[in-house]
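Enquirer: I am attaching a structure below and will ask some questions about it afterwards.
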Amino acid sequence: MINDEAWYRDNGIVLHAGRAVAAIDRDRRTVSAEGGLEVPFDRLILATGSDPVRLPLPGSDLAGVVTFRDLDDVDAMVAAAKPGAKAVVIGGGLLGIEAAYGLSRRGMGATVVHLMDVLMERQLDASAGFLLTEALAARGVETVLDAQSEEILGADGRVAGLRLKDGRVLPCDLLVMAVGIRPNTALAKAAGLATARGVVVDDTMTTSDPAIAAVGECVEHRGQCYGLVAPIWDMCRALADTLTDGEGTFEGVALSTRLKVSGVDVFSAGKHLGGAGCEDIVFRDAGRGVYKRIVLEDGKVAGAVLFGDAADGGWYFDLMRSGADVGDIRETLVFGQAVTEGLRGLDPSAAVAAIADEAEVCGCNGVCKGTITAAITSQDLTTLDAVRAKTKASASCGSCTPLVEKILQFTLGDAFQVQTGPKPVCGCTAKGHDEVRRRLVAEGLKSMPAAMQALEWTTPDGCASCRPALNYYLLCAWPGEYRDDRQSRFINERVHANIQKDGTYSVVPRMWGGLTSASELRAIADVVDKFAIPTVKVTGGQRIDLLGVKKDDLPAVWADLNRAGMVSGHAYAKGLRTVKTCVGSDWCRFGTQDSTGLGVRLEKFMWGSWTPAKVKLAVSGCPRNCAEATCKDIGVVCVDSGYEIHVGGAAGLHIQGTELLTKVATEQEALWTICAVTQLYREQGWYLERIYKWMARVGLPSIRAAVEDPDQRRALHDRFAYSQRFSRIDPWAERVAGRDAAEFNPLSRRMELA
Amino acid sequence: MNALVKDPIAWIDVGAVTDIPVRGARRVPTPDGDIAIFRTGDGQVFALRDACPHKGGPLSQGIVHGRAVACPLHNWSIDLASGEPLGADRGKGCAPVIPLRVEDGRLMLGRA
């Protein structure tokens, strides 16, 4: 009870406390309750509320399993909350997170188990969800995502743990179910009123019986049930108008949500995920852990997700509800109300002039405008880089770069010239490849969401250009640690075959150094017959290409090739492709060294490695160069006195001969050097930049210096060898064994028989 | 909505939302060619004919980013909600939208 009995008496309300209503008689217009009570009515209002959903898991009746809704639940939780004890909260929505955080504050180890892969997915997008997961972890709340609960385990009648569908067991002394509410419709349903999830009402809060109204969490209005207090007040106002012949109606409301976890500022409203015809404005400030996404539709704010700095939540929500056109404040919208209103109506240079000297421009480094203008005039600075170098303004996150540039322009006047910085990775960022690669390593960024946040990506989840690049950079930076993101792989690398114009694939088994055998050829012929493969072609890299394989057949084709001892040739990879060889000293009367043997050895050591772009090798046994080594990415030309190692050839879009990198005396040194130069390229190359372009960019002398220095060469070789421990795995055999099986099967065949 | 079928007479359960990888897609074969069902990073699902308006490339095999997919053949970016090409290729045809709704985590494809 919210009020004492006197309040009811004073307001002319007859209260029958402790009498559960048993039935509504709509014909006689009476309500009957426990103890034979019968109350007549002209108008009836249902406010029966809702119950928390209790998952029907085995073990849900054990002691210590509670929902999170009323005071009894809270008492049960507080009683169980002993420091050091463990709690599991099922449900990663608003309530579940608040429950877990509260328990953690009481000294319990708390874990949130969530069915979806993003916390609060009804309010947050994946980027904000990731930040929330991190923020909770920092506050002692662990998160298990994508987790389906299967059984609550008990000991002596008390909860002891939760078993997930994947077999994991999370031990716990308290289990909280926070998986949503179910409107109480039993009474309405029994009386024959229209019900769906809730009691169905129209905009005047009237049910299917004109004499009966309903408000609160028990109702369903325009298909929506509400569990927050603000819309319920609106419902009550509409109902009051209806009962007093006023004209107010309830037309549904846009909801906004704030999370009440200390130090974690989260706001969400409206179409937080966007939708058809929507645009996103994304702002990230890695230093402050801020992520903002404003969703626009038809030039109006349609939704917002704010993490880390939600001060402007109310402002965005007002703009959203008022439906104001924000076209003229779009540029500053994401910076919030103060900035937007401060700059409104000013022309750009006047706006810059209007900024006070003591106003902070660069938040990361605490640089104010006066410091910047003073540096420009006193030190004759003319470029953004110079301003950065002298003042550190815009030198960290870079989000104030446009403003610093405007200050430079304003201060210099006509002397200002637009500067072009390094080429950005893609439209999702202003940062170049080198900066991205450097910071992944320096800041220990080991996942795609971590990288996008720290590097302030301007899109929620990147694009088809940056995702494969980031995936490669992470893979290269953290061998054995980073988990490859297959959804960021181009299709060929995702399915380990080359897509063709008709959607079929080509399959190229590896032939080490271009060598094959009768049994391999026989197995290939059998596969061609068995799967009716239409085209068999000899490639330029001394292998055999099977063209026109249906995607569904790929695992079976690979299984047969595996059985004959063949593995993936990676003809689809930004990685090591082939090592082409000539027959060398084994057969050739001119051969000076065992070029075939070296080629096989190189390929067996280097296969499976990922590189910025494809890498083709060749080994020729003498300067006649029958393996055409001098137009490959890396080529070896054997001579009597040793091995010439060449780099930077190309014979595709561009035709370019190699440059001589160095000469070594032994086969072993040749292998070390080739691995070292490959690793240097792996670490420095920009994604999709072939070796010849990398060489042109960094200069042959710097590459030569690295591989001719014994210590550097060894270090590079060792890093390559370490990475290879995780790479020399046949992806075909893994998929034959069942990995990524869903990739090769249709989702459903139920539409085939239409 | 430029849906291929305006009023489906049947909704067919073709699997669970979670059967589709996040930022990925799956195929559903039909007598009229494959349908591609996409799931975005935000957990939204969309269905299109699995054929790029450019050269018929299988969109289900592309990289899903934001609310778009990059066709695996020539990298056209296709809006998942409308099936229309984005950016420089805007206005050059569209991949028909297939009616799709989600009921209790199940994917229901509409059939006329």
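We name chains A, B, ... following the order of the structure tokens; residues begin at 1 in each chain, and ligands are numbered from 1 as shown.
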Please identify every residue of chain A that has at least one atom no more than 10 Å from any atom of chain B, counting only C-alpha atoms, and report them as a ChimeraX atom specification.
Expert: /A:115-118,121-122,124-127,129,146,272-278,280,459-465,467-468,486-492,494-495,499-504,742-754
Enquirer: Please identify which residues in segment 92-148 of chain A DSSP calls strand (DSSP E) from the backbone, and express them as a ChimeraX atom specification.
Expert: /A:109-113,141-144
Enquirer: Which of segment 49-115 of chain A counts as alpha helix (DSSP H) under DSSP, as a list in words please?
Expert: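 Filtering segment 49-115 of chain A down to alpha helix (DSSP H) leaves Leu71, Asp72, Asp73, Val74, Asp75, Ala76, Met77, Val78, Ala79, Ala80, Leu94, Leu95, Gly96, Ile97, Glu98, Ala99, Ala100, Tyr101, Gly102, Leu103, Ser104 and Arg105 of chain A.
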Enquirer: Do you have the atom CA of Cys675 of chain A-atom CA of Thr611 of chain A distance handy?
Expert: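 Calculated distance between atom CA of Cys675 of chain A and atom CA of Thr611 of chain A is 11.9 Å.
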Enquirer: Can you tell me which residues surround Thr673 of chain A at a distance of at most 12 Å, considering only C-alpha atoms, apart from same-chain residues fewer than 2 positions away, and format the answer as a PyMOL selection string?
Expert: chain A and resi 602+634-636+643-647+661-671+675-680+703-718+720
Enquirer: Can you write just those residues out, C-alpha atoms, as a CSV table (one decimal), in the first residue's frame?
Expert:
```csv
chain,number,residue,atom,x,y,z
A,602,LEU,CA,59.8,-22.9,-48.1
A,634,ILE,CA,59.8,-12.8,-53.3
A,635,GLY,CA,62.0,-14.8,-55.7
A,636,VAL,CA,65.2,-16.8,-55.3
A,643,TYR,CA,71.2,-17.7,-53.3
A,644,GLU,CA,70.2,-14.3,-54.6
A,645,ILE,CA,67.0,-13.2,-52.9
A,646,HIS,CA,64.9,-10.8,-54.8
A,647,VAL,CA,61.8,-8.8,-53.7
A,661,LEU,CA,67.5,-7.7,-51.7
A,662,THR,CA,70.6,-9.6,-50.6
A,663,LYS,CA,72.7,-12.7,-51.4
A,664,VAL,CA,73.3,-15.5,-48.9
A,665,ALA,CA,75.5,-18.5,-49.0
A,666,THR,CA,73.4,-21.4,-47.6
A,667,GLU,CA,69.9,-22.7,-48.1
A,668,GLN,CA,69.2,-22.2,-44.4
A,669,GLU,CA,70.1,-18.6,-44.6
A,670,ALA,CA,67.9,-18.2,-47.6
A,671,LEU,CA,65.0,-19.6,-45.6
A,675,CYS,CA,60.8,-15.6,-43.5
A,676,ALA,CA,62.3,-12.3,-42.1
A,677,VAL,CA,61.3,-10.2,-45.1
A,678,THR,CA,57.9,-11.8,-45.1
A,679,GLN,CA,57.4,-11.0,-41.4
A,680,LEU,CA,58.6,-7.4,-41.9
A,703,ILE,CA,64.1,-3.6,-45.7
A,704,ARG,CA,67.7,-4.6,-46.6
A,705,ALA,CA,69.0,-3.1,-43.4
A,706,ALA,CA,66.5,-5.2,-41.4
A,707,VAL,CA,67.3,-8.5,-43.0
A,708,GLU,CA,71.0,-8.1,-43.2
A,709,ASP,CA,71.3,-7.3,-39.5
A,710,PRO,CA,71.7,-10.8,-37.9
A,711,ASP,CA,69.8,-9.9,-34.7
A,712,GLN,CA,66.9,-8.2,-36.5
A,713,ARG,CA,66.8,-11.1,-39.0
A,714,ARG,CA,66.6,-13.6,-36.2
A,715,ALA,CA,64.0,-11.7,-34.3
A,716,LEU,CA,61.8,-11.3,-37.4
A,717,HIS,CA,62.3,-15.0,-38.4
A,718,ASP,CA,61.4,-16.1,-34.8
A,720,PHE,CA,57.2,-15.5,-38.1
```
Enquirer: Would you list the contacts of Gly444 of chain A as a ChimeraX atom specification, taking every protein, DNA or RNA residue within 12 Å and counting only C-alpha atoms, but skipping same-chain residues closer than 2 positions in sequence?
Expert: /A:436-442,446-448,450-451,454,474,477-478,481-482
